[in-house]
>>> print(open('input-v3.cif').read())   # mmCIF, C-alpha atoms
data_work
loop_
_atom_site.label_atom_id
_atom_site.label_comp_id
_atom_site.auth_asym_id
_atom_site.auth_seq_id
_atom_site.Cartn_x
_atom_site.Cartn_y
_atom_site.Cartn_z
CA MET X 1083 4.06 -48.38 29.51
CA SER X 1084 5.75 -45.28 30.92
CA GLU X 1085 2.47 -44.05 32.43
CA LEU X 1086 1.87 -47.47 34.01
CA PHE X 1087 5.42 -47.56 35.41
CA TYR X 1088 4.96 -44.23 37.20
CA LYS X 1089 1.60 -45.33 38.58
CA ILE X 1090 3.25 -48.40 40.12
CA ILE X 1091 6.23 -46.58 41.69
CA SER X 1092 4.24 -43.55 42.86
CA PRO X 1093 3.92 -43.12 46.66
CA ASP X 1094 0.20 -42.58 45.92
CA ARG X 1095 -0.15 -45.89 44.06
CA GLN X 1096 -3.45 -47.76 44.28
CA TRP X 1097 -3.55 -50.71 46.69
CA TYR X 1098 -3.64 -53.26 43.88
CA TRP X 1099 -0.23 -52.09 42.61
CA PHE X 1100 1.55 -52.93 45.89
CA PRO X 1101 2.37 -56.56 44.94
CA VAL X 1102 3.91 -55.35 41.65
CA PHE X 1103 5.86 -52.64 43.45
CA TRP X 1104 7.32 -55.11 45.94
CA PHE X 1105 8.23 -57.42 43.08
CA PHE X 1106 10.07 -54.47 41.53
CA ARG X 1107 11.83 -53.92 44.88
CA PHE X 1108 12.99 -57.52 44.75
CA ILE X 1109 14.33 -57.11 41.20
CA SER X 1110 16.07 -53.86 42.14
CA PHE X 1111 18.29 -55.83 44.57
CA PHE X 1112 19.79 -57.71 41.62
CA TYR X 1113 20.00 -54.46 39.66
CA LEU X 1114 22.08 -53.07 42.55
CA LEU X 1115 24.37 -56.11 42.51
CA GLY X 1116 24.90 -55.59 38.78
CA HIS X 1117 25.67 -51.93 39.38
CA HIS X 1118 28.31 -52.74 42.00
CA PHE X 1119 29.91 -55.37 39.79
CA ARG X 1120 30.08 -52.89 36.89
CA LEU X 1121 31.76 -50.22 39.04
CA TRP X 1122 34.19 -52.79 40.45
CA ALA X 1123 35.04 -54.08 36.96
CA TYR X 1124 35.86 -50.60 35.67
CA ARG X 1125 37.80 -49.72 38.83
CA TRP X 1126 40.05 -52.78 38.51
CA GLY X 1127 40.45 -52.63 34.74
CA ILE X 1128 38.38 -55.72 33.89
CA PHE X 1129 36.24 -53.45 31.75
CA PRO X 1130 38.60 -51.08 29.89
CA ARG X 1131 38.31 -47.30 30.14
CA ARG X 1132 39.64 -45.40 27.15
CA GLY X 1133 40.58 -41.78 26.72
CA LEU X 1134 40.49 -39.30 23.84
CA ASN X 1135 43.12 -36.73 23.02
CA CYS X 1136 41.01 -33.74 24.04
CA ARG X 1137 39.09 -32.41 27.01
CA VAL X 1138 35.88 -34.35 27.78
CA ILE X 1139 32.93 -32.88 29.70
CA SER X 1140 30.11 -35.20 30.75
CA VAL X 1141 26.55 -34.14 31.64
CA GLY X 1142 24.25 -36.71 33.21
CA ASN X 1143 21.88 -37.56 36.03
CA LEU X 1144 21.11 -40.19 38.64
CA THR X 1145 17.44 -40.48 37.72
CA LEU X 1146 15.50 -41.54 34.62
CA GLY X 1147 15.37 -38.54 32.30
CA GLY X 1148 13.71 -35.18 32.66
CA THR X 1149 16.36 -33.14 34.49
CA GLY X 1150 17.05 -30.68 31.66
CA LYS X 1151 20.25 -32.16 30.24
CA THR X 1152 19.68 -30.89 26.70
CA PRO X 1153 19.47 -27.14 27.49
CA PHE X 1154 22.39 -27.54 29.91
CA VAL X 1155 24.54 -29.21 27.23
CA MET X 1156 23.69 -26.37 24.83
CA MET X 1157 24.63 -23.78 27.46
CA ILE X 1158 28.01 -25.48 27.89
CA ALA X 1159 28.59 -25.48 24.12
CA GLU X 1160 27.68 -21.78 23.86
CA THR X 1161 29.91 -20.90 26.80
CA LEU X 1162 32.83 -22.76 25.27
CA ARG X 1163 32.33 -21.13 21.86
CA GLY X 1164 32.09 -17.72 23.51
CA ASN X 1165 35.46 -18.31 25.19
CA GLY X 1166 37.31 -19.39 22.06
CA PHE X 1167 36.96 -23.17 22.41
CA LYS X 1168 35.81 -25.54 19.66
CA PRO X 1169 33.35 -28.08 21.11
CA ALA X 1170 31.43 -30.98 19.64
CA ILE X 1171 28.49 -32.82 21.23
CA LEU X 1172 28.17 -36.60 21.48
CA THR X 1173 24.74 -38.05 22.26
CA ARG X 1174 22.99 -41.41 22.02
CA GLY X 1175 20.25 -40.28 19.63
CA TYR X 1176 17.31 -41.62 21.63
CA GLY X 1177 14.22 -42.25 19.53
CA GLY X 1178 16.15 -42.40 16.23
CA LYS X 1179 15.98 -45.37 13.84
CA SER X 1180 19.60 -45.31 12.68
CA LYS X 1181 21.65 -48.39 13.50
CA LYS X 1182 24.94 -46.87 12.35
CA SER X 1183 27.75 -46.61 14.87
CA VAL X 1184 28.40 -42.97 13.95
CA ASN X 1185 25.78 -40.50 12.74
CA VAL X 1186 26.71 -36.91 11.92
CA VAL X 1187 23.64 -34.84 12.76
CA CYS X 1188 25.42 -31.54 12.12
CA ASP X 1189 28.92 -30.97 10.75
CA GLY X 1190 29.16 -27.49 12.26
CA LYS X 1191 27.67 -25.91 9.14
CA GLU X 1192 24.43 -27.65 8.23
CA ILE X 1193 21.98 -30.23 9.55
CA LEU X 1194 22.46 -33.54 7.75
CA LEU X 1195 19.97 -35.94 9.34
CA SER X 1196 16.32 -35.87 10.41
CA PRO X 1197 14.73 -36.64 13.81
CA GLU X 1198 13.40 -39.90 12.37
CA TRP X 1199 16.96 -41.25 12.17
CA VAL X 1200 18.81 -39.58 15.05
CA GLY X 1201 16.11 -38.48 17.50
CA ASP X 1202 14.44 -35.18 18.25
CA GLU X 1203 16.90 -33.88 20.86
CA ALA X 1204 19.94 -34.17 18.60
CA VAL X 1205 18.22 -32.27 15.77
CA MET X 1206 16.87 -29.63 18.16
CA MET X 1207 20.41 -28.98 19.40
CA ALA X 1208 21.66 -28.83 15.82
CA GLU X 1209 19.07 -26.20 14.92
CA LYS X 1210 20.12 -23.97 17.81
CA LEU X 1211 23.88 -24.64 17.56
CA LYS X 1212 24.59 -24.70 13.84
CA ASN X 1213 28.30 -24.00 14.41
CA VAL X 1214 28.83 -27.03 16.69
CA PRO X 1215 29.31 -30.56 15.31
CA ILE X 1216 26.79 -33.01 16.79
CA LEU X 1217 27.14 -36.77 16.49
CA THR X 1218 25.07 -39.70 17.74
CA GLY X 1219 26.06 -43.27 18.49
CA ALA X 1220 26.10 -45.76 21.35
CA ASP X 1221 29.90 -45.90 21.67
CA ARG X 1222 31.09 -42.42 22.71
CA PHE X 1223 34.75 -43.39 22.20
CA GLN X 1224 34.02 -44.24 18.57
CA THR X 1225 31.92 -41.13 17.89
CA GLY X 1226 34.46 -39.00 19.74
CA ARG X 1227 37.37 -40.37 17.74
CA TYR X 1228 35.43 -39.72 14.52
CA ALA X 1229 34.75 -36.13 15.60
CA LEU X 1230 38.43 -35.52 16.42
CA LYS X 1231 39.53 -36.95 13.09
CA ASN X 1232 37.07 -35.05 10.92
CA TYR X 1233 36.50 -31.71 12.67
CA GLU X 1234 38.69 -29.06 14.24
CA ILE X 1235 37.61 -29.42 17.88
CA ASP X 1236 39.26 -29.30 21.30
CA THR X 1237 36.41 -30.31 23.65
CA LEU X 1238 33.83 -33.09 23.60
CA ILE X 1239 30.55 -32.80 25.51
CA LEU X 1240 28.83 -36.07 26.44
CA ASP X 1241 25.06 -35.75 26.65
CA ASP X 1242 23.76 -38.22 29.26
CA GLY X 1243 27.23 -39.51 30.08
CA PHE X 1244 27.33 -40.00 33.87
CA GLN X 1245 26.85 -43.78 33.55
CA HIS X 1246 29.08 -44.07 30.47
CA LEU X 1247 32.15 -45.21 32.41
CA ALA X 1248 33.94 -46.66 29.38
CA LEU X 1249 35.23 -43.20 28.43
CA HIS X 1250 37.50 -41.05 30.58
CA ARG X 1251 36.19 -37.58 31.26
CA ASP X 1252 37.79 -34.44 32.73
CA LEU X 1253 34.63 -32.93 34.18
CA ASP X 1254 31.60 -34.88 35.41
CA ILE X 1255 28.49 -32.73 35.88
CA LEU X 1256 25.48 -34.24 37.61
CA LEU X 1257 22.02 -32.69 37.17
CA CYS X 1258 19.29 -33.12 39.79
CA ASP X 1259 15.74 -31.79 39.73
CA HIS X 1260 15.39 -29.36 42.64
CA GLN X 1261 11.95 -30.63 43.65
CA ARG X 1262 12.65 -34.35 43.27
CA PRO X 1263 16.44 -34.83 43.09
CA LEU X 1264 16.23 -38.58 43.75
CA GLY X 1265 12.81 -39.32 42.31
CA ASN X 1266 10.95 -41.59 44.73
CA ASN X 1267 14.30 -42.58 46.34
CA TYR X 1268 14.19 -46.17 45.09
CA LEU X 1269 16.50 -47.87 42.62
CA PHE X 1270 15.15 -48.96 39.22
CA PRO X 1271 12.77 -50.72 38.55
CA ALA X 1272 11.14 -49.86 41.90
CA GLY X 1273 12.02 -46.22 41.36
CA GLU X 1274 13.64 -43.62 39.14
CA LEU X 1275 17.22 -43.96 40.39
CA ARG X 1276 19.71 -45.32 37.88
CA GLU X 1277 22.34 -45.50 40.62
CA PRO X 1278 22.36 -45.20 44.41
CA ALA X 1279 22.46 -41.62 45.74
CA ARG X 1280 25.99 -42.11 47.11
CA GLU X 1281 27.33 -42.21 43.53
CA THR X 1282 26.85 -38.44 43.56
CA ARG X 1283 30.39 -38.41 44.97
CA ARG X 1284 31.75 -39.21 41.48
CA ALA X 1285 30.60 -35.78 40.28
CA ASP X 1286 32.88 -32.75 39.96
CA MET X 1287 29.91 -30.37 39.98
CA VAL X 1288 26.22 -30.75 40.85
CA CYS X 1289 23.51 -28.61 39.26
CA PHE X 1290 20.04 -28.37 40.77
CA THR X 1291 17.73 -27.67 37.84
CA ARG X 1292 14.26 -26.08 37.86
CA TYR X 1293 15.29 -24.30 41.03
CA SER X 1294 12.40 -22.35 42.56
CA GLY X 1295 13.91 -21.23 45.86
CA GLY X 1296 14.10 -22.89 49.23
CA PRO X 1297 16.30 -25.71 50.54
CA VAL X 1298 17.65 -28.55 48.44
CA LYS X 1299 16.18 -31.93 49.41
CA PHE X 1300 19.47 -33.77 49.20
CA SER X 1301 21.53 -35.27 52.01
CA PRO X 1302 24.75 -33.29 52.67
CA LYS X 1303 26.62 -36.58 53.22
CA TYR X 1304 26.32 -37.28 49.49
CA LEU X 1305 27.14 -33.77 48.32
CA GLY X 1306 30.14 -33.21 50.59
CA LEU X 1307 32.24 -30.35 49.22
CA ILE X 1308 31.17 -30.81 45.59
CA PRO X 1309 30.61 -27.36 43.98
CA GLN X 1310 26.92 -26.64 43.40
CA ILE X 1311 24.99 -24.40 41.03
CA LYS X 1312 21.28 -23.74 40.60
CA THR X 1313 19.45 -23.13 37.32
CA HIS X 1314 15.97 -22.26 36.15
CA LEU X 1315 14.18 -22.53 32.80
CA ARG X 1316 12.22 -19.55 31.53
CA LEU X 1317 10.22 -18.84 28.40
CA ASP X 1318 12.24 -16.52 26.17
CA SER X 1319 10.04 -16.17 23.07
CA ILE X 1320 7.70 -18.01 20.71
CA ILE X 1321 8.27 -18.55 16.99
CA ASN X 1322 5.55 -18.98 14.38
CA MET X 1323 6.38 -22.30 12.74
CA GLU X 1324 4.92 -21.26 9.39
CA ASN X 1325 6.59 -17.89 8.75
CA GLY X 1326 9.33 -17.73 11.41
CA ASP X 1327 7.99 -14.59 13.08
CA VAL X 1328 9.37 -14.18 16.60
CA CYS X 1329 7.15 -12.89 19.41
CA ASP X 1330 8.24 -11.88 22.90
CA ALA X 1331 7.02 -14.03 25.80
CA GLU X 1332 4.94 -11.08 27.03
CA VAL X 1333 2.36 -11.67 24.28
CA LEU X 1334 1.16 -14.79 26.13
CA LYS X 1335 0.30 -12.98 29.34
CA GLY X 1336 -3.41 -13.46 30.00
CA GLN X 1337 -3.93 -15.11 26.59
CA PRO X 1338 -5.89 -18.38 26.28
CA VAL X 1339 -3.64 -21.05 24.78
CA ILE X 1340 -3.44 -24.78 24.24
CA ALA X 1341 -0.10 -26.52 24.57
CA PHE X 1342 1.30 -29.98 23.97
CA CYS X 1343 4.58 -31.84 24.25
CA GLY X 1344 6.13 -35.30 24.19
CA ILE X 1345 8.90 -35.01 26.77
CA ALA X 1346 9.99 -36.99 29.84
CA LYS X 1347 8.50 -34.58 32.41
CA PRO X 1348 5.71 -32.55 30.77
CA GLU X 1349 4.80 -30.81 34.03
CA GLY X 1350 8.00 -28.77 33.67
CA PHE X 1351 6.81 -27.41 30.30
CA ARG X 1352 3.41 -26.66 31.79
CA GLN X 1353 5.01 -24.71 34.66
CA ILE X 1354 7.09 -22.60 32.26
CA LEU X 1355 3.89 -21.54 30.48
CA GLN X 1356 2.16 -20.80 33.77
CA ASP X 1357 5.12 -18.67 34.86
CA VAL X 1358 4.38 -16.22 32.02
CA GLN X 1359 0.69 -16.19 33.05
CA ALA X 1360 -0.63 -17.83 29.89
CA GLN X 1361 -4.18 -19.17 30.34
CA LEU X 1362 -3.84 -22.88 29.66
CA LYS X 1363 -7.19 -24.00 28.26
CA VAL X 1364 -5.86 -27.44 27.30
CA PHE X 1365 -2.53 -29.11 28.01
CA LYS X 1366 -1.87 -32.41 26.23
CA ALA X 1367 1.08 -34.60 27.19
CA PHE X 1368 2.12 -37.21 24.63
CA PRO X 1369 4.62 -40.00 25.46
CA ASP X 1370 8.30 -39.05 25.38
CA HIS X 1371 9.74 -39.04 21.82
CA HIS X 1372 6.20 -39.29 20.37
CA GLU X 1373 6.02 -39.51 16.58
CA TYR X 1374 3.37 -37.01 15.51
CA SER X 1375 0.87 -37.83 12.79
CA LEU X 1376 -1.41 -35.64 10.70
CA ASN X 1377 -4.30 -36.86 12.85
CA ASP X 1378 -2.56 -35.50 15.95
CA VAL X 1379 -2.25 -32.10 14.30
CA LYS X 1380 -5.88 -32.07 13.15
CA GLU X 1381 -7.06 -33.05 16.64
CA LEU X 1382 -5.08 -30.19 18.21
CA GLU X 1383 -6.43 -27.73 15.64
CA SER X 1384 -9.97 -28.93 16.34
CA ILE X 1385 -9.49 -28.38 20.08
CA ALA X 1386 -8.04 -24.91 19.42
CA SER X 1387 -11.05 -23.98 17.26
CA GLN X 1388 -13.49 -25.18 19.92
CA GLU X 1389 -11.70 -23.26 22.66
CA GLY X 1390 -11.27 -20.16 20.49
CA VAL X 1391 -7.56 -19.82 21.30
CA LYS X 1392 -5.05 -17.79 19.33
CA TYR X 1393 -1.91 -19.73 20.19
CA ILE X 1394 -1.11 -23.45 19.83
CA LEU X 1395 2.18 -23.94 21.67
CA VAL X 1396 4.68 -26.77 21.28
CA SER X 1397 8.07 -27.47 22.87
CA GLU X 1398 11.22 -27.01 20.79
CA LYS X 1399 11.99 -30.71 21.02
CA ASP X 1400 8.61 -31.62 19.50
CA ALA X 1401 8.69 -28.83 16.91
CA VAL X 1402 11.49 -30.50 14.96
CA LYS X 1403 9.17 -33.45 14.24
CA LEU X 1404 6.38 -31.22 12.94
CA LYS X 1405 8.44 -29.68 10.15
CA GLY X 1406 6.91 -30.16 6.73
CA MET X 1407 3.38 -30.60 8.08
CA LYS X 1408 0.63 -28.28 6.88
CA PHE X 1409 -1.27 -26.35 9.53
CA SER X 1410 -4.65 -24.69 9.17
CA LEU X 1411 -4.00 -22.73 12.37
CA PRO X 1412 -0.75 -21.10 13.54
CA PHE X 1413 1.52 -23.31 15.64
CA PHE X 1414 4.18 -21.63 17.81
CA LYS X 1415 7.46 -23.13 18.96
CA VAL X 1416 8.27 -22.20 22.57
CA VAL X 1417 11.90 -21.09 22.95
CA ILE X 1418 13.28 -21.86 26.41
CA ASP X 1419 16.27 -20.12 27.97
CA LEU X 1420 18.35 -21.62 30.79
CA GLU X 1421 19.42 -19.20 33.51
CA ILE X 1422 22.02 -19.79 36.20
CA LEU X 1423 20.54 -18.36 39.40
CA GLU X 1424 23.40 -19.31 41.71
CA GLY X 1425 26.98 -20.33 40.92
CA ARG X 1426 27.69 -18.58 37.60
CA GLU X 1427 31.33 -18.04 38.56
CA ILE X 1428 31.73 -21.72 39.51
CA PHE X 1429 30.18 -22.80 36.22
CA ASN X 1430 32.38 -20.54 34.07
CA LYS X 1431 35.55 -21.57 35.89
CA LYS X 1432 34.83 -25.30 35.60
CA ILE X 1433 33.69 -25.20 31.97
CA THR X 1434 36.53 -23.04 30.63
CA ALA X 1435 39.37 -24.84 32.44
CA THR X 1436 42.05 -25.95 30.01
CA THR X 1437 43.46 -29.06 31.73
CA SER X 1438 42.61 -32.46 30.29
CA ARG X 1439 43.54 -36.11 30.53
CA ARG X 1440 45.28 -37.28 27.41
CA GLY X 1441 44.16 -40.65 26.06
CA ASN X 1442 44.88 -42.90 23.12
#
>>> encode(input="input-v3.cif", output="structure tokens")
Amino acid sequence: MSELFYKIISPDRQWYWFPVFWFFRFISFFYLLGHHFRLWAYRWGIFPRRGLNCRVISVGNLTLGGTGKTPFVMMIAETLRGNGFKPAILTRGYGGKSKKSVNVVCDGKEILLSPEWVGDEAVMMAEKLKNVPILTGADRFQTGRYALKNYEIDTLILDDGFQHLALHRDLDILLCDHQRPLGNNYLFPAGELREPARETRRADMVCFTRYSGGPVKFSPKYLGLIPQIKTHLRLDSIINMENGDVCDAEVLKGQPVIAFCGIAKPEGFRQILQDVQAQLKVFKAFPDHHEYSLNDVKELESIASQEGVKYILVSEKDAVKLKGMKFSLPFFKVVIDLEILEGREIFNKKITATTSRRGN
């Protein structure tokens, strides 16, 4: 369904998709009306906004997925820990089966739940941030209150929280893809925008992710004087999933590899591999949050044998769902590092500020 959706909204859509696209444009008008009513209801107190007795940092986007929120959230958590703060992360747990209102993925010491129940992103963060409590649940006020009651924390980080207006936040960070900051510039379902571009003005800081140089394709009238930073993802290392051996990214230079992932924007993962000059023999993109089977693994191993490649590469997000599977060939988890190319001082100042709104 996702593949079909992007075919319909693409500027290069086939002629027979135009009637569907214009129908989506019609529906998006009512989506916009609903959006305005929601904002109005929160502004005038018809829908209540609650606060928590700690500092709240929100990370989100205007478009449908794929802007790099997860590595950015982890960078915030690491920055806070490095400056003496005690953060916890609240996320929805997309792709997980759990129906509980509060799920403790990590208590700050050990991982307690699997990707099957709380989603791959939450478990991936828990593996990399073992000293940070991570909780999932639809109601961030409820999960936040649970975290404050049960763990010694002073800051909550909302993953994908820009549209979660029910909870007060002290810092709203908006992420935009440098190449396509507004997607195809249309509101859902005719496009990738969750909200109109003018809602950028609610942000306290805007980050342009996957920055590759050159101008930002974003109207200055929406950005105004909002502080901006620019980030880039790079391949740091690869880890053998069977024995845990770590190899530097340099080992991939000029090497034939096959790679696969099940993420929102797989072309970003492909570009990271190309940046280190790996020779991509085969690149397979599964649907976002794909549940891997033994048949998937055997198919990838068969392709690797036919191509004679040494490395089968998988994203960190997908690697958490392959744990426990038996491989006949070595699979390597690709470790990605997020770099701030411009605005490091702005980022540090905003993230480590100590002021907060006090709630109930």
>>> residues_around(input="input-v3.cif", residues="X:Pro1348", least_positions_apart="5", cutoff="10 Å", atoms="all atoms listed in the file", output="PyMOL selection string")
chain X and resi 1148+1342-1343+1353+1365-1370+1397
>>> closest_residue(input="input-v3.cif", among="X:Trp1199, X:Tyr1124, X:Phe1111, X:Phe1154", to="X:Glu1373", atoms="all atoms listed in the file")
X:Trp1199
>>> closest_residue(input="input-v3.cif", among="X:Tyr1113, X:Phe1414, X:Phe1103, X:Phe1244", to="X:Phe1270", atoms="all atoms listed in the file")
X:Tyr1113
>>> atom_distance(input="input-v3.cif", atom1="atom CA of X:Arg1292", atom2="atom CA of X:Thr1152")
13.3 Å
>>> resolve_selection(input="input-v3.cif", expression="the PyMOL selection byres ((chain X and resi 1268) around 12)", output="PyMOL selection string")
chain X and resi 1091-1093+1103-1104+1106-1111+1113-1114+1144-1146+1263-1267+1269-1279
>>> atom_distance(input="input-v3.cif", atom1="atom CA of X:Ala1285", atom2="atom CA of X:Asn1143")
9.9 Å
>>> residues_near_point(input="input-v3.cif", point="(30.5, -19.5, 15.5)", cutoff="8 Å", atoms="all atoms listed in the file", output="PDB file with C-alpha atoms, in the frame of the given file")
ATOM      1  CA  ARG X1163      32.330 -21.130  21.860  1.00  0.00           C
ATOM      2  CA  ASN X1213      28.300 -24.000  14.410  1.00  0.00           C
ATOM      3  CA  VAL X1214      28.830 -27.030  16.690  1.00  0.00           C
TER       4      VAL X1214
END
>>> resolve_selection(input="input-v3.cif", expression="the PyMOL selection byres ((chain X and resi 1251) around 8)", output="list of chain:residue names")
X:Gly1133, X:Arg1137, X:Val1138, X:Ile1139, X:Ser1140, X:Leu1249, X:His1250, X:Asp1252, X:Leu1253, X:Asp1254, X:Arg1439
>>> resolve_selection(input="input-v3.cif", expression="the PyMOL selection byres ((chain X and resi 1423-1436) around 9)", output="number ranges by chain")
X: 1137, 1139, 1158, 1161-1162, 1165, 1167, 1253, 1286-1287, 1293, 1309-1314, 1421-1422, 1437-1438
>>> atom_distance(input="input-v3.cif", atom1="atom CA of X:Gly1175", atom2="atom CA of X:Ser1375")
20.7 Å
